[in-house]
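Working notes, beginning with the structure itself.
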Amino acid sequence: MPEPGTLADVGFREAVVDLGAITSNVRALRELFGTEHFIAVVKANAYGHGAVPVARAALAGGADWLGVASVDEALELRAGGIDAPVLAWLHDPDEAFDEAVAAGVSIGVSTMGQLRAMAAAAGRRAVQASVQFKLDTGLSRNGLPHADWQEAFTLADELERTGALHVAGVFTHLSNATLQDDVDCLDLFDEGVAAARAAGLRPELVHAAASAAALRQPHARYDCVRIGLALYGLAPTQDPARARELGLTPAMTLRGRVAHVKRVPAGTSVSYDYTYRTERETTLALVPFGYGDGIPRAASNRGHVWIGGGVHRIAGRVAMDQFVVDVGDTEVAVGDPVVLFGDGAHGFPTAEDWATASDTINWEIVTRIGGRTKLRHV
Ligand SMILES: *Cc1c(COP(=O)(O)O)cnc(C)c1O
């Protein structure tokens with residue numbers, strides 16, 4: 001990882017992703033959780049880190065499954081040459097699953113219609129389809145409602161007997177509200193798993209825990225965890241020190257180059273709406289990132305960046321393409337490196353700092369980075 005002062009070869013606007021960190025994070029988590037299976041969640045372009053390279057790095061660290069939301073994301077992994085098992089769980093209502101079945105993608109099923117569509121696709125493609133039941137145990141998003149469980153398991157058992165499909169897993173997703181809320185959901189989930197088995201199904205994978213539950217409730221791990229956030233080196237507690245304790249390293253460094261520098265007198269107004277005025281003579285540095293690149297406008301006057309050897313606050317509004325930083329009397333020149341966030345252990349602001357400054361969570365900060373930002377894998 002780059003250290004302050006040794007930032008060489010910095011691009012104008014780039015997210016540098018340390019794939020070695022992804023691999024070692026997965027290794028550390030695998031050891032910590034000790035489950036037979038580990039699903040590395042690489043949806044939303046691997047939380048902004050780049051789906052295909054991150055998937056490879058996670059598999060190298062010992063993940064044996066990949067998880068994504070949509071079929072398109074699963075097919076993108078296949079197109080990238082990845083043939084590891086993939087699970088996708090959020091579908092277009094008109095999805096016919098032909099490509100998914102042909103590509104051997106396991107489908108998370110939340111409706112009776114999806115179960116029937118998978119059997120039909122398997123028939124057309126003359127292969128056995130893989131499905132995993134996603135049970136709604138409280139989150140009220142997708143997931144098969146409790147009232148449909150029995151009917152779905154019975155139909156799935158019939159379809160298994162015809163050879164059309166195999167139920168490879170049963171899973172649920174938790175709210176992380178209170179521990180007791182999650183315990184209640186897991187009790188209902190256990191009932192669902194038992195009902196599936198009683199109906200004749202033999203799922204190899206039983207999984208409930210994403211990063212937060214896997215870390216705080218060992219009994220939610222079953223024989224498989226579905227980990228997103230933590231594999232990127234971030235803690236669900238929004239606490240970088242906690243992530244470090246767990247042996248995790250933040251994989252993404254968002255950085256660029258100072259595009260302009262101005263020495264200005266006291267009373268100089270800065271950026272849209274003039275929400276910032278300099279109190280004394282000072283230096284303003286222009287950073288070429290804006291909300292068009294995923295920087296939250298809510299961080300106006302609140303977010304911090306590393307620049308000229310130290311951390312300085314954003315002055316005024318974050319605009320679409322740029323924001324200004326008041327660096328005081330710090331020596332800053334055009335072309336100098338600026339780090340928006342990275343590893344706090346190197347003195348950089350963190351994704352969590354940005355989350356706090358924008359009233360959001362670290363998940364959103366890394367995932368929203370995009371637009372004109374170049375993804376660079378090292
Ligand atoms: C996004 C997602 C995950 C990963 O969650 P993290 O909190 O990032 O670990 C796991 N399971 C499902 C169903 C998800 O949608």
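Each chain in the structure tokens gets a letter, A, B and so on, in the order shown; residues start at 1 in every chain, and ligands are counted from 1 in the order they appear.
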Legend entry - Long-range neighbours of Gly290 of chain A as an MDAnalysis selection string, 6 Å cut-off, only C-alpha atoms, 2 positions minimum in chain: chainID A and resid 292:293 295 318:322
Restrict the calculation to only C-alpha atoms and all ligand atoms, then for each residue of chain A with any atom at most 10 Å from an atom of ligand 1 give the closest atom pair and their distance in Å to one decimal, rows by chain and rising residue number, as a tab-separated table.
residue	atom	partner	partner_atom_place_in_ligand_line	distance
A:Ile39	CA	ligand 1	10 (C)	8.5
A:Ala40	CA	ligand 1	4 (C)	8.1
A:Val41	CA	ligand 1	4 (C)	5.6
A:Val42	CA	ligand 1	1 (C)	8.3
A:Lys43	CA	ligand 1	1 (C)	7.0
A:Ala44	CA	ligand 1	1 (C)	8.9
A:Ala46	CA	ligand 1	8 (O)	9.8
A:Tyr47	CA	ligand 1	8 (O)	8.3
A:Gly67	CA	ligand 1	10 (C)	7.6
A:Val68	CA	ligand 1	15 (O)	7.8
A:Ala69	CA	ligand 1	15 (O)	6.6
A:Leu87	CA	ligand 1	13 (C)	9.9
A:Ala88	CA	ligand 1	13 (C)	9.0
A:Trp89	CA	ligand 1	13 (C)	7.1
A:Leu90	CA	ligand 1	15 (O)	8.6
A:Gly108	CA	ligand 1	13 (C)	9.2
A:Lys134	CA	ligand 1	13 (C)	8.3
A:Arg141	CA	ligand 1	13 (C)	9.8
A:Asn142	CA	ligand 1	13 (C)	9.1
A:Gly143	CA	ligand 1	13 (C)	9.2
A:Phe171	CA	ligand 1	13 (C)	8.4
A:Thr172	CA	ligand 1	13 (C)	7.1
A:His173	CA	ligand 1	13 (C)	5.3
A:Leu174	CA	ligand 1	13 (C)	8.4
A:Ser175	CA	ligand 1	7 (O)	9.9
A:Asn176	CA	ligand 1	7 (O)	9.3
A:His207	CA	ligand 1	11 (N)	9.1
A:Ala208	CA	ligand 1	11 (N)	7.6
A:Ala209	CA	ligand 1	10 (C)	7.1
A:Ala210	CA	ligand 1	9 (O)	4.1
A:Ser211	CA	ligand 1	9 (O)	3.7
A:Ala212	CA	ligand 1	7 (O)	6.0
A:Ala213	CA	ligand 1	7 (O)	8.3
A:Ala214	CA	ligand 1	9 (O)	8.5
A:Leu215	CA	ligand 1	9 (O)	9.8
A:Val225	CA	ligand 1	10 (C)	8.2
A:Arg226	CA	ligand 1	10 (C)	4.9
A:Ile227	CA	ligand 1	9 (O)	4.0
A:Gly228	CA	ligand 1	9 (O)	3.5
A:Leu229	CA	ligand 1	8 (O)	3.7
A:Ala230	CA	ligand 1	9 (O)	6.2
A:Leu231	CA	ligand 1	9 (O)	7.9
A:Tyr232	CA	ligand 1	8 (O)	8.9
A:Leu234	CA	ligand 1	8 (O)	9.2
A:Ala235	CA	ligand 1	7 (O)	9.2
A:Pro236	CA	ligand 1	7 (O)	6.9
A:Asn362	CA	ligand 1	8 (O)	9.9
A:Trp363	CA	ligand 1	8 (O)	6.9
Convert the current residue selection to file output with C-alpha atoms, as a compact mmCIF listing (two decimals), in the first residue's frame.
# COMPACT_ATOMS: atom_id res chain seq x y z
CA ILE A 39 -19.64 -17.26 -0.41
CA ALA A 40 -17.76 -14.12 -1.44
CA VAL A 41 -20.34 -11.48 -2.33
CA VAL A 42 -19.19 -9.51 -5.40
CA LYS A 43 -22.44 -7.82 -6.42
CA ALA A 44 -22.53 -4.17 -7.58
CA ALA A 46 -17.71 -6.02 -6.08
CA TYR A 47 -18.88 -3.01 -4.04
CA GLY A 67 -22.65 -14.34 -4.64
CA VAL A 68 -24.26 -11.63 -6.76
CA ALA A 69 -27.70 -10.03 -6.91
CA LEU A 87 -25.42 -17.78 -6.69
CA ALA A 88 -27.72 -14.94 -7.90
CA TRP A 89 -30.84 -13.96 -5.93
CA LEU A 90 -32.66 -10.90 -7.31
CA GLY A 108 -31.93 -17.95 -5.38
CA LYS A 134 -34.33 -17.68 -0.19
CA ARG A 141 -37.64 -7.82 0.91
CA ASN A 142 -37.36 -10.66 -1.59
CA GLY A 143 -37.44 -14.13 -0.12
CA PHE A 171 -30.85 -19.39 2.91
CA THR A 172 -32.15 -16.24 4.52
CA HIS A 173 -30.90 -12.71 5.13
CA LEU A 174 -30.99 -10.89 8.47
CA SER A 175 -31.82 -7.35 9.51
CA ASN A 176 -28.98 -6.78 12.02
CA HIS A 207 -26.68 -20.01 5.06
CA ALA A 208 -27.93 -16.92 6.83
CA ALA A 209 -25.04 -14.71 7.90
CA ALA A 210 -23.63 -11.76 5.97
CA SER A 211 -20.68 -9.86 7.48
CA ALA A 212 -22.46 -8.44 10.53
CA ALA A 213 -24.17 -11.62 11.70
CA ALA A 214 -21.15 -13.81 10.92
CA LEU A 215 -19.03 -11.59 13.17
CA VAL A 225 -21.39 -17.58 5.35
CA ARG A 226 -22.14 -14.95 2.68
CA ILE A 227 -19.58 -12.22 3.11
CA GLY A 228 -19.43 -8.90 1.31
CA LEU A 229 -18.28 -5.88 3.29
CA ALA A 230 -15.64 -7.61 5.42
CA LEU A 231 -13.81 -9.07 2.45
CA TYR A 232 -13.17 -5.48 1.29
CA LEU A 234 -14.29 -2.88 6.22
CA ALA A 235 -16.11 -3.60 9.48
CA PRO A 236 -19.91 -3.57 9.73
CA ASN A 362 -19.09 2.46 4.67
CA TRP A 363 -20.91 0.00 2.35
Inset, instruction - Name the residues of segment 6-227 of chain A that come out as helix (DSSP H, G or I) in a backbone DSSP run; write them as a PyMOL selection string. - result: chain A and resi 19-33+43-47+51-60+71-79+98-102+112-125+146-162+179-198+211-216+218-220
May I have the selected residues written with C-alpha atoms, as an mmCIF file, in the first residue's frame?
data_model
loop_
_atom_site.group_PDB
_atom_site.id
_atom_site.type_symbol
_atom_site.label_atom_id
_atom_site.label_comp_id
_atom_site.auth_asym_id
_atom_site.auth_seq_id
_atom_site.Cartn_x
_atom_site.Cartn_y
_atom_site.Cartn_z
ATOM 1 C CA LEU A 19 -6.144 -7.536 -4.622
ATOM 2 C CA GLY A 20 -3.658 -9.021 -2.165
ATOM 3 C CA ALA A 21 -5.693 -7.404 0.609
ATOM 4 C CA ILE A 22 -8.857 -9.085 -0.706
ATOM 5 C CA THR A 23 -7.123 -12.475 -0.744
ATOM 6 C CA SER A 24 -5.697 -12.076 2.751
ATOM 7 C CA ASN A 25 -8.997 -10.734 4.103
ATOM 8 C CA VAL A 26 -10.820 -13.810 2.824
ATOM 9 C CA ARG A 27 -8.133 -16.047 4.296
ATOM 10 C CA ALA A 28 -8.445 -14.332 7.691
ATOM 11 C CA LEU A 29 -12.251 -14.511 7.659
ATOM 12 C CA ARG A 30 -12.283 -18.113 6.556
ATOM 13 C CA GLU A 31 -10.060 -19.008 9.475
ATOM 14 C CA LEU A 32 -12.165 -16.954 11.887
ATOM 15 C CA PHE A 33 -15.525 -18.400 10.781
ATOM 16 C CA LYS A 43 -22.444 -7.817 -6.418
ATOM 17 C CA ALA A 44 -22.531 -4.171 -7.579
ATOM 18 C CA ASN A 45 -19.146 -4.564 -9.290
ATOM 19 C CA ALA A 46 -17.714 -6.019 -6.078
ATOM 20 C CA TYR A 47 -18.877 -3.006 -4.039
ATOM 21 C CA ALA A 51 -16.154 -7.845 -9.979
ATOM 22 C CA VAL A 52 -13.924 -10.176 -11.988
ATOM 23 C CA PRO A 53 -10.520 -9.376 -10.423
ATOM 24 C CA VAL A 54 -12.042 -9.334 -6.921
ATOM 25 C CA ALA A 55 -13.776 -12.664 -7.540
ATOM 26 C CA ARG A 56 -10.448 -14.210 -8.561
ATOM 27 C CA ALA A 57 -8.701 -12.737 -5.521
ATOM 28 C CA ALA A 58 -11.437 -14.013 -3.195
ATOM 29 C CA LEU A 59 -11.274 -17.516 -4.687
ATOM 30 C CA ALA A 60 -7.496 -17.444 -4.213
ATOM 31 C CA VAL A 71 -28.179 -12.981 -13.308
ATOM 32 C CA ASP A 72 -26.406 -10.344 -15.438
ATOM 33 C CA GLU A 73 -23.766 -10.012 -12.756
ATOM 34 C CA ALA A 74 -23.316 -13.790 -12.659
ATOM 35 C CA LEU A 75 -22.947 -13.910 -16.451
ATOM 36 C CA GLU A 76 -20.354 -11.137 -16.287
ATOM 37 C CA LEU A 77 -18.266 -13.406 -14.025
ATOM 38 C CA ARG A 78 -18.660 -16.275 -16.479
ATOM 39 C CA ALA A 79 -17.699 -13.981 -19.384
ATOM 40 C CA ASP A 98 -32.105 -19.858 -19.907
ATOM 41 C CA GLU A 99 -28.688 -18.232 -19.867
ATOM 42 C CA ALA A 100 -28.339 -18.719 -16.125
ATOM 43 C CA VAL A 101 -29.108 -22.415 -16.383
ATOM 44 C CA ALA A 102 -26.798 -22.844 -19.386
ATOM 45 C CA MET A 112 -43.226 -20.088 -6.947
ATOM 46 C CA GLY A 113 -43.001 -18.543 -10.427
ATOM 47 C CA GLN A 114 -39.211 -18.514 -10.284
ATOM 48 C CA LEU A 115 -39.171 -22.161 -9.232
ATOM 49 C CA ARG A 116 -41.374 -23.117 -12.204
ATOM 50 C CA ALA A 117 -39.344 -20.919 -14.564
ATOM 51 C CA MET A 118 -36.143 -22.678 -13.488
ATOM 52 C CA ALA A 119 -37.671 -26.094 -14.164
ATOM 53 C CA ALA A 120 -38.865 -24.907 -17.582
ATOM 54 C CA ALA A 121 -35.444 -23.466 -18.446
ATOM 55 C CA ALA A 122 -33.793 -26.721 -17.390
ATOM 56 C CA GLY A 123 -36.150 -28.604 -19.723
ATOM 57 C CA ARG A 124 -35.346 -26.334 -22.665
ATOM 58 C CA ARG A 125 -31.624 -26.582 -22.033
ATOM 59 C CA HIS A 146 -43.595 -18.122 5.079
ATOM 60 C CA ALA A 147 -47.060 -18.990 3.743
ATOM 61 C CA ASP A 148 -45.494 -20.406 0.537
ATOM 62 C CA TRP A 149 -42.730 -22.499 2.086
ATOM 63 C CA GLN A 150 -44.551 -25.813 2.289
ATOM 64 C CA GLU A 151 -45.990 -25.610 -1.224
ATOM 65 C CA ALA A 152 -42.597 -24.598 -2.644
ATOM 66 C CA PHE A 153 -40.723 -27.431 -0.908
ATOM 67 C CA THR A 154 -43.299 -29.983 -2.059
ATOM 68 C CA LEU A 155 -43.141 -28.786 -5.675
ATOM 69 C CA ALA A 156 -39.331 -28.693 -5.539
ATOM 70 C CA ASP A 157 -39.250 -32.288 -4.327
ATOM 71 C CA GLU A 158 -41.438 -33.324 -7.277
ATOM 72 C CA LEU A 159 -39.210 -31.405 -9.695
ATOM 73 C CA GLU A 160 -36.094 -32.977 -8.175
ATOM 74 C CA ARG A 161 -37.587 -36.410 -8.833
ATOM 75 C CA THR A 162 -38.014 -35.538 -12.535
ATOM 76 C CA LEU A 179 -29.519 -9.624 18.424
ATOM 77 C CA GLN A 180 -32.933 -10.868 19.567
ATOM 78 C CA ASP A 181 -34.512 -9.901 16.232
ATOM 79 C CA ASP A 182 -31.901 -11.968 14.446
ATOM 80 C CA VAL A 183 -32.342 -14.886 16.862
ATOM 81 C CA ASP A 184 -36.094 -14.831 16.108
ATOM 82 C CA CYS A 185 -35.379 -14.871 12.374
ATOM 83 C CA LEU A 186 -32.942 -17.763 12.786
ATOM 84 C CA ASP A 187 -35.542 -19.744 14.778
ATOM 85 C CA LEU A 188 -37.990 -19.328 11.908
ATOM 86 C CA PHE A 189 -35.218 -20.168 9.436
ATOM 87 C CA ASP A 190 -34.425 -23.406 11.326
ATOM 88 C CA GLU A 191 -38.085 -24.319 11.007
ATOM 89 C CA GLY A 192 -37.886 -23.689 7.260
ATOM 90 C CA VAL A 193 -34.748 -25.794 6.840
ATOM 91 C CA ALA A 194 -36.380 -28.629 8.791
ATOM 92 C CA ALA A 195 -39.517 -28.392 6.643
ATOM 93 C CA ALA A 196 -37.411 -28.490 3.479
ATOM 94 C CA ARG A 197 -35.659 -31.634 4.712
ATOM 95 C CA ALA A 198 -38.958 -33.187 5.771
ATOM 96 C CA SER A 211 -20.683 -9.860 7.484
ATOM 97 C CA ALA A 212 -22.456 -8.437 10.530
ATOM 98 C CA ALA A 213 -24.170 -11.621 11.701
ATOM 99 C CA ALA A 214 -21.147 -13.811 10.920
ATOM 100 C CA LEU A 215 -19.035 -11.593 13.174
ATOM 101 C CA ARG A 216 -21.434 -11.150 16.061
ATOM 102 C CA PRO A 218 -21.369 -17.562 15.617
ATOM 103 C CA HIS A 219 -24.512 -19.717 15.586
ATOM 104 C CA ALA A 220 -25.714 -17.832 12.470
#
Inset, instruction - Quote the spacing between atom CA of Leu284 of chain A and atom CA of Ala299 of chain A in Å to one decimal place. - result: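 We find that atom CA of Leu284 of chain A and atom CA of Ala299 of chain A lie 17.3 Å from each other.
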Legend entry - For segment 345-361 of chain A: contacts at 10 Å, only C-alpha atoms, fewer than 5 positions along chain excluded, given as a PyMOL selection string: chain A and resi 1-4+234-241+244+249-250+252-254+295-307+309-312+338-340+366
Would you put the residues from that selection into a file with N, CA and C atoms, as a short mmCIF file (atom, residue, chain, number, x, y, z; two decimals), in the first residue's frame?
data_model
loop_
_atom_site.label_atom_id
_atom_site.label_comp_id
_atom_site.auth_asym_id
_atom_site.auth_seq_id
_atom_site.Cartn_x
_atom_site.Cartn_y
_atom_site.Cartn_z
N MET A 1 0.85 -1.20 0.00
CA MET A 1 0.00 0.00 0.00
C MET A 1 0.88 1.25 0.00
N PRO A 2 0.39 2.29 -0.67
CA PRO A 2 1.16 3.53 -0.67
C PRO A 2 1.18 4.14 0.73
N GLU A 3 2.29 4.71 1.09
CA GLU A 3 2.38 5.42 2.36
C GLU A 3 2.39 6.91 2.04
N PRO A 4 1.87 7.72 2.94
CA PRO A 4 1.97 9.16 2.72
C PRO A 4 3.43 9.51 2.46
N LEU A 234 -13.51 -3.84 5.45
CA LEU A 234 -14.29 -2.88 6.22
C LEU A 234 -15.13 -3.62 7.26
N ALA A 235 -15.34 -2.96 8.41
CA ALA A 235 -16.11 -3.60 9.48
C ALA A 235 -17.54 -3.08 9.47
N PRO A 236 -18.51 -4.00 9.68
CA PRO A 236 -19.91 -3.57 9.73
C PRO A 236 -20.20 -2.65 10.92
N THR A 237 -19.31 -2.62 11.89
CA THR A 237 -19.49 -1.72 13.04
C THR A 237 -19.04 -0.29 12.71
N GLN A 238 -18.62 -0.05 11.47
CA GLN A 238 -18.15 1.29 11.05
C GLN A 238 -16.93 1.71 11.86
N ASP A 239 -16.11 0.73 12.22
CA ASP A 239 -14.98 1.01 13.10
C ASP A 239 -13.71 0.41 12.50
N PRO A 240 -12.86 1.25 11.90
CA PRO A 240 -11.65 0.72 11.25
C PRO A 240 -10.75 -0.04 12.22
N ALA A 241 -10.76 0.36 13.50
CA ALA A 241 -9.91 -0.34 14.46
C ALA A 241 -10.39 -1.78 14.64
N ARG A 244 -9.17 -3.81 11.76
CA ARG A 244 -7.75 -4.14 11.93
C ARG A 244 -7.56 -5.29 12.92
N THR A 249 -7.65 -5.62 6.01
CA THR A 249 -7.03 -4.43 5.42
C THR A 249 -7.98 -3.84 4.39
N PRO A 250 -8.28 -2.55 4.49
CA PRO A 250 -9.16 -1.93 3.48
C PRO A 250 -8.51 -2.03 2.10
N MET A 252 -9.53 -0.63 -0.89
CA MET A 252 -9.62 0.48 -1.85
C MET A 252 -8.97 1.75 -1.32
N THR A 253 -8.15 2.36 -2.17
CA THR A 253 -7.63 3.71 -1.91
C THR A 253 -8.14 4.61 -3.02
N LEU A 254 -8.88 5.63 -2.65
CA LEU A 254 -9.40 6.57 -3.64
C LEU A 254 -8.48 7.77 -3.66
N ILE A 295 -18.82 10.90 -5.09
CA ILE A 295 -18.52 11.59 -3.83
C ILE A 295 -19.83 12.19 -3.29
N PRO A 296 -20.19 11.88 -2.07
CA PRO A 296 -21.48 12.39 -1.57
C PRO A 296 -21.47 13.91 -1.42
N ARG A 297 -22.48 14.58 -1.97
CA ARG A 297 -22.59 16.03 -1.80
C ARG A 297 -22.82 16.36 -0.33
N ALA A 298 -23.39 15.39 0.39
CA ALA A 298 -23.62 15.58 1.83
C ALA A 298 -22.32 15.78 2.60
N ALA A 299 -21.18 15.45 1.99
CA ALA A 299 -19.90 15.64 2.68
C ALA A 299 -19.36 17.06 2.53
N SER A 300 -20.11 17.93 1.86
CA SER A 300 -19.71 19.34 1.71
C SER A 300 -19.40 19.94 3.08
N ASN A 301 -18.26 20.62 3.17
CA ASN A 301 -17.82 21.25 4.43
C ASN A 301 -17.58 20.27 5.58
N ARG A 302 -17.66 18.97 5.33
CA ARG A 302 -17.54 17.99 6.42
C ARG A 302 -16.49 16.92 6.16
N GLY A 303 -16.39 16.45 4.91
CA GLY A 303 -15.44 15.38 4.60
C GLY A 303 -14.00 15.87 4.65
N HIS A 304 -13.08 14.94 4.80
CA HIS A 304 -11.66 15.28 4.86
C HIS A 304 -10.87 14.49 3.81
N VAL A 305 -9.76 15.07 3.37
CA VAL A 305 -8.86 14.36 2.47
C VAL A 305 -7.43 14.51 2.98
N TRP A 306 -6.59 13.59 2.55
CA TRP A 306 -5.15 13.69 2.84
C TRP A 306 -4.50 14.43 1.68
N ILE A 307 -3.77 15.48 2.03
CA ILE A 307 -3.16 16.30 0.98
C ILE A 307 -1.95 17.00 1.60
N GLY A 309 0.68 15.95 2.99
CA GLY A 309 1.22 15.36 4.22
C GLY A 309 0.28 15.39 5.40
N GLY A 310 -0.92 15.92 5.22
CA GLY A 310 -1.84 15.96 6.36
C GLY A 310 -3.28 15.89 5.90
N VAL A 311 -4.18 15.93 6.88
CA VAL A 311 -5.61 15.78 6.58
C VAL A 311 -6.28 17.14 6.67
N HIS A 312 -7.02 17.49 5.63
CA HIS A 312 -7.69 18.80 5.56
C HIS A 312 -9.14 18.63 5.13
N VAL A 338 -3.52 13.49 -3.83
CA VAL A 338 -4.54 13.69 -2.81
C VAL A 338 -5.22 12.34 -2.58
N VAL A 339 -5.39 11.97 -1.32
CA VAL A 339 -6.04 10.69 -1.00
C VAL A 339 -7.35 11.00 -0.29
N LEU A 340 -8.45 10.57 -0.91
CA LEU A 340 -9.76 10.83 -0.31
C LEU A 340 -10.02 9.85 0.83
N VAL A 366 -17.93 3.06 -0.52
CA VAL A 366 -17.10 2.39 -1.54
C VAL A 366 -17.92 2.00 -2.77
#
Inset, instruction - Just list the residues in segment 147-301 of chain A DSSP gives strand (DSSP E or B) on the backbone, as a count of residues only. - result: 36
